[in-house]
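Colleague: This is the structure I have questions about; it appears just below.
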Amino acid sequence: MEDSFVKVALVQYAPVLFDKKATLDKMADLLEEVGKEGADVVVFPEAFIPAYPWAMSFGTVIGSRSPQGRDAFLHYWENAIRIPGPETDRIGSLVKKISAVTVVGVIEKDLTGTLYCTLVYFDADGSLLGKHRKLKPTAAERVIWGEGDGTDLQVHDTAKGKIAGLICWENYMPLARFALYEQGVELYCAPTADARDSWQASMRHIAMEGRCFVLGCNQYVTLDMFPEAYREEVSAKGEILCRGGSVVVSPLGEVLAGPLFDREGILYATLDRREIGRGKMDFDVAGHYNRPDVFSYEWTKGK
């Protein structure tokens with residue numbers, strides 16, 4: 001396979017929480033760093049812009065919302081981004097400088113004002129390839145994020161491989177995974193906020209199931225990184241809010257890099273895309289190991 005080797009970089013850093021402008025400045029430095037290392041594909045964590053709001057209630061209990069919680073939500077809402085918009089334009093210009101396919105977890109604000117937990121894809125020339133909105137926010141996430149509709153479950157064909165992904169616990173949805181397998185995903189991105197040991201088992205399972213490379217990217221976040229106004233509430237979760245766990249897994253389930261725990265850092269791995277073909281010999285979940293005569297699905301595709 002021509003150009004079969006791909007160097008990937010998983011950026012296990014926290015944003016400047018609740019501050020999209022400062023986070024974009026930080027992202028510029030991080031992209032410059034991975035560019036110097038020759039990365040072909042770069043993945044940032046879930047909700048990197050402006051933050052994953054660990055342990056925050058936004059003043060909600062069943063049947064009641066507080067004014068203080070609405071103020072916290074306003075702060076979050078004002079730091080969400082439009083897609084496309086000035087923030088994606090800036091990211092695109094940064095990506096173009098390093099010529100690396102880049103995937104970023106963001107909080108998107110649509111024209112109506114609803115927020116979504118979204119993955120944004122940029123090609124190596126900085127162009128916006130597409131986006132994917134999280135289909136089902138988990139538990140209390142549903143207070144602040146809307147649900148995606150599935151029309152953006154698309155695999156993007158790039159010079160570095162067919163790339164797509166699911167966000168955090170979407171990866172536990174078998175049919176969502178199958179929608180990507182069916183389109184021939186090769187570089188499967190799994191940005192998350194889940195730092196449990198059990199998540200590592202899921203990353204290996206998905207790699208073996210899909211016969212694809214899995215790029216599981218998390219972030220390392222501590223209490224003192226949160227805006228001071230929210231620290232008292234968030235402190236109930238402890239000093240370390242997310243310990244990371246970024247990992248790269250091969251199509252046969254071998255851990256190639258990581259997991260990286262308990263610190264910020266950038267995880268690098270060089271992948272040989274020919275391993276995908278080797279893995280397909282005995283298992284292809286959407287191909288020769290599929291039984292469409294027994295199971296059939298209809299996918300809504302398009303944009």
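Each chain in the structure tokens gets a letter, A, B, ..., in the order shown, and its residues are numbered from 1; ligands are numbered from 1 in order too.
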Quick one: contact table of range 152-209 of chain A to range 27-45 of chain A, 10 Å max, nearest atom pair and distance in Å to one decimal per residue, counting only C-alpha atoms, chain and number order, as CSV?
Modeller:
```
residue,atom,partner,partner_atom,distance
A:Ala159,CA,A:Asp40,CA,9.6
A:Lys160,CA,A:Asp40,CA,7.1
A:Gly161,CA,A:Val41,CA,9.5
A:Ile163,CA,A:Val41,CA,9.6
A:Ile167,CA,A:Pro45,CA,9.2
A:Cys168,CA,A:Pro45,CA,9.7
A:Leu187,CA,A:Val41,CA,9.3
A:Cys189,CA,A:Val43,CA,7.4
A:Ala190,CA,A:Pro45,CA,8.4
A:Pro191,CA,A:Pro45,CA,4.8
A:Thr192,CA,A:Pro45,CA,6.2
A:Ala193,CA,A:Pro45,CA,7.7
```
Colleague: Can you pull out the residues contacting range 209-220 of chain A? Cut-off 8 Å, using only C-alpha atoms, and skip same-chain residues under 4 positions away; I want them as number ranges by chain.
Modeller: A: 10-14, 43-46, 181, 185-195, 203-205, 241-252, 261-264, 276, 279-280, 283-285
Colleague: In Å, rounded to a single decimal, give me how far CA of Thr158 in chain A is from CA of Glu87 in chain A.
Modeller: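 It comes out at 22.3 Å.
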Colleague: Counting only C-alpha atoms, figure out which residue out of A:Arg291, A:Ala179, A:Phe226, A:Ala207 gets nearest to Leu256 in chain A.
Modeller: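 Ranked by minimum distance to Leu256 in chain A, first place goes to A:Ala207.
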Colleague: In range 115-261 of chain A, what's strand (DSSP E or B) per DSSP? Answer as an MDAnalysis selection string?
Modeller: chainID A and resid 115:122 128:133 156:158 161:165 187:189 213:216 220:222 240:249 255:261
Colleague: Would you mind telling me which residue in A:Gly148, A:Ile206, A:Ser57, A:Ala201 lies nearest to Gly69 in chain A when using only C-alpha atoms?
Modeller: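 Counting only C-alpha atoms, the residue closest to Gly69 in chain A is A:Ser57.
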Colleague: Pick the closest to Ser296 in chain A from A:Leu129, A:Leu175, A:Ala229, A:Ala9: which is it, counting only C-alpha atoms?
Modeller: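 For Ser296 in chain A, the nearest of the candidates is A:Leu175.
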Colleague: Would you please give, as a list in words, all residues of range 85-154 of chain A that DSSP assigns to alpha helix (DSSP H) based on the backbone?
Modeller: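 Output for range 85-154 of chain A, alpha helix (DSSP H) only: Pro86, Glu87, Thr88, Asp89, Arg90, Ile91, Gly92, Ser93, Leu94, Val95, Lys96, Lys97 and Ile98 of chain A.
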Colleague: I'd like the interatomic distance between CA of Asp125 in chain A and CA of Leu24 in chain A, to a tenth of an Å.
Modeller: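 Between CA of Asp125 in chain A and CA of Leu24 in chain A the gap is 18.4 Å.
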